[in-house]
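Worksheet: the structure to be examined is printed underneath.
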Amino acid sequence: MAARFKMSRKGVGQLLRSPMIEAEMLRRATVIESVATAISPVGGPGDPHPGQYKASWSVSSTSRGGRRRDRATATVRNSSYYARWVEYGTERVPAHHVALRAAAAGGRG
């Protein structure tokens with residue numbers, strides 16, 4: 001006799017918002033943050049903000065994230081005003097893709 005399974009949408013929703021899932025999302029985001037900090041470029045002697053980009057990484061989490069606010073999420077962000085230029089580059093500075101490389105490397109941890 002085959003086993004039967006009936007999914008409870010309410011139960012799945014409770015699982016996705018549970019402290020256990022939020023803690024796992026936060027753990028993974030913290031790993032990504034540490035990788036991003038380790039590979040962040042630091043300007044040379046002429047840089048007016050040496051080390052600011054590297055020190056600006058932060059992690060936050062919530063149990064009501066996602067597009068429909070129905071699941072636990074964690075976010076890794078860099079608060080320096082020029083973070084997008086470091087990530088994507090400009091016509092004079094090549095892209096470093098720090099967040100992309102950190103997510104690719106750190107997401108496995």
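For the structure tokens, the naming scheme is as follows: chains receive sequential letters (A, B, ...) according to their order of presentation, residues are indexed from 1 within each chain, and ligands are indexed from 1 in presentation order.
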**Report entry** 7 Å contact set for Thr30 (chain A), only C-alpha atoms, chain neighbours under 4 positions out, as a PyMOL selection string
**Finding:** chain A and resi 26+34+59
Output file for the residues above (N, CA, C and O atoms, as an mmCIF file, in the first residue's frame):
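Result file follows (selection07.cif):
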data_model
loop_
_atom_site.group_PDB
_atom_site.id
_atom_site.type_symbol
_atom_site.label_atom_id
_atom_site.label_comp_id
_atom_site.auth_asym_id
_atom_site.auth_seq_id
_atom_site.Cartn_x
_atom_site.Cartn_y
_atom_site.Cartn_z
ATOM 1 N N LEU A 26 20.279 33.318 8.888
ATOM 2 C CA LEU A 26 21.247 34.224 9.509
ATOM 3 C C LEU A 26 22.646 33.603 9.512
ATOM 4 O O LEU A 26 23.631 34.287 9.245
ATOM 5 N N SER A 34 31.340 37.157 6.099
ATOM 6 C CA SER A 34 32.759 36.967 6.428
ATOM 7 C C SER A 34 33.600 36.766 5.175
ATOM 8 O O SER A 34 34.731 37.263 5.098
ATOM 9 N N VAL A 59 24.767 42.344 8.400
ATOM 10 C CA VAL A 59 23.781 41.283 8.182
ATOM 11 C C VAL A 59 22.542 41.609 8.999
ATOM 12 O O VAL A 59 22.645 42.086 10.129
#
Requested in this report: With a distance cut-off of 8 Å and only C-alpha atoms, select the neighbouring residues of Ser18 (chain A), excluding the residue or stretch itself and same-chain residues fewer than 3 positions from it, and output the selection as a PyMOL selection string.
Outcome: chain A and resi 14-15+21-22+63+72
**Report entry** Residue contacts of Val93 (chain A) (12 Å, only C-alpha atoms) excluding same-chain residues fewer than 6 positions away, as a ChimeraX atom specification
**Finding:** /A:82,84-87
Report task. Give me, please, the distance in Å between CA of Ser79 (chain A) and CA of Arg17 (chain A), quoted to one decimal. Result ->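 These two atoms are separated by 26.6 Å.
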Query - For Asn78 (chain A): contacts at 10 Å, only C-alpha atoms, fewer than 4 positions along chain excluded, given as a PyMOL selection string - result: chain A and resi 33+36-37+52-59+82-84+99
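In this comparison, which uses only C-alpha atoms, the residue of A:His96, A:Arg64, A:Arg101, A:Arg77 approaching Leu16 (chain A) most closely is A:Arg64.
With only C-alpha atoms as the basis for measurement, A:Met20 is the residue among A:Val31, A:Met20, A:Met7, A:Ala103 that approaches Arg71 (chain A) most closely.
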Query raised in the report: For Ser60 (chain A), which residue out of A:Ser80, A:Ala2, A:Met25, A:Gly43 is the nearest one, using only C-alpha atoms?
Result: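 Looking at the shortest contact to Ser60 (chain A), the residue is A:Met25.
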Requested in this report: Apply DSSP to the backbone of this structure and, from chain A, keep only the residues in alpha helix (DSSP H); write these as number ranges by chain.
Outcome: A: 9-16, 19-39, 52-55, 83-88, 98-106
Query raised in the report: Nearest to Ile39 (chain A): which of A:Gly11, A:Gly66, A:Pro94, A:Gly51 is it, counting only C-alpha atoms?
Result: A:Gly51
Report task. Record the distance separating CA of Ala102 (chain A) and CA of Gly65 (chain A), expressed in Å with one decimal. Result ->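 Separation between CA of Ala102 (chain A) and CA of Gly65 (chain A): 21.3 Å.
Per DSSP on the backbone, strand (DSSP E) in region 43-108 of chain A comprises Trp57, Ser58, Val59, Ser60, Ser61, Thr62, Ser63, Arg64, Gly65, Arg71, Ala72, Thr73, Ala74, Thr75, Val76, Arg77 and Asn78 of chain A.
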Taking N, CA, C and O atoms for each residue, export the selection above as a short mmCIF file (atom, residue, chain, number, x, y, z; two decimals), in the first residue's frame.
data_model
loop_
_atom_site.label_atom_id
_atom_site.label_comp_id
_atom_site.auth_asym_id
_atom_site.auth_seq_id
_atom_site.Cartn_x
_atom_site.Cartn_y
_atom_site.Cartn_z
N TRP A 57 30.27 46.08 5.83
CA TRP A 57 29.38 44.93 5.63
C TRP A 57 28.53 44.70 6.87
O TRP A 57 29.01 44.81 8.00
N SER A 58 27.26 44.35 6.69
CA SER A 58 26.37 44.05 7.81
C SER A 58 25.36 42.98 7.40
O SER A 58 25.11 42.76 6.21
N VAL A 59 24.77 42.34 8.40
CA VAL A 59 23.78 41.28 8.18
C VAL A 59 22.54 41.61 9.00
O VAL A 59 22.65 42.09 10.13
N SER A 60 21.37 41.36 8.42
CA SER A 60 20.11 41.49 9.16
C SER A 60 19.20 40.33 8.78
O SER A 60 19.35 39.74 7.72
N SER A 61 18.26 40.00 9.66
CA SER A 61 17.32 38.93 9.36
C SER A 61 15.93 39.30 9.86
O SER A 61 15.78 40.16 10.74
N THR A 62 14.94 38.65 9.29
CA THR A 62 13.56 38.84 9.70
C THR A 62 12.77 37.56 9.44
O THR A 62 13.13 36.78 8.56
N SER A 63 11.72 37.36 10.19
CA SER A 63 10.86 36.20 9.96
C SER A 63 9.76 36.52 8.95
O SER A 63 9.03 35.64 8.53
N ARG A 64 9.64 37.76 8.56
CA ARG A 64 8.61 38.18 7.58
C ARG A 64 9.27 38.83 6.37
O ARG A 64 9.11 40.01 6.11
N GLY A 65 10.02 38.05 5.62
CA GLY A 65 10.70 38.57 4.45
C GLY A 65 10.15 37.97 3.18
O GLY A 65 9.11 37.32 3.17
N ARG A 71 8.06 34.47 4.72
CA ARG A 71 9.14 33.55 5.07
C ARG A 71 10.30 34.27 5.73
O ARG A 71 10.44 35.48 5.61
N ALA A 72 11.13 33.50 6.43
CA ALA A 72 12.32 34.06 7.07
C ALA A 72 13.38 34.33 6.02
O ALA A 72 13.58 33.53 5.11
N THR A 73 14.02 35.48 6.14
CA THR A 73 15.10 35.84 5.23
C THR A 73 16.23 36.50 5.99
O THR A 73 16.04 36.97 7.11
N ALA A 74 17.38 36.53 5.37
CA ALA A 74 18.52 37.27 5.90
C ALA A 74 19.14 38.05 4.76
O ALA A 74 19.12 37.60 3.60
N THR A 75 19.66 39.22 5.06
CA THR A 75 20.21 40.10 4.03
C THR A 75 21.63 40.49 4.40
O THR A 75 21.91 40.84 5.55
N VAL A 76 22.51 40.44 3.42
CA VAL A 76 23.88 40.92 3.57
C VAL A 76 23.98 42.18 2.74
O VAL A 76 23.62 42.19 1.56
N ARG A 77 24.44 43.27 3.34
CA ARG A 77 24.55 44.52 2.58
C ARG A 77 25.81 45.28 2.99
O ARG A 77 26.36 45.07 4.06
N ASN A 78 26.20 46.16 2.08
CA ASN A 78 27.32 47.05 2.35
C ASN A 78 26.79 48.47 2.33
O ASN A 78 26.19 48.90 1.35
#
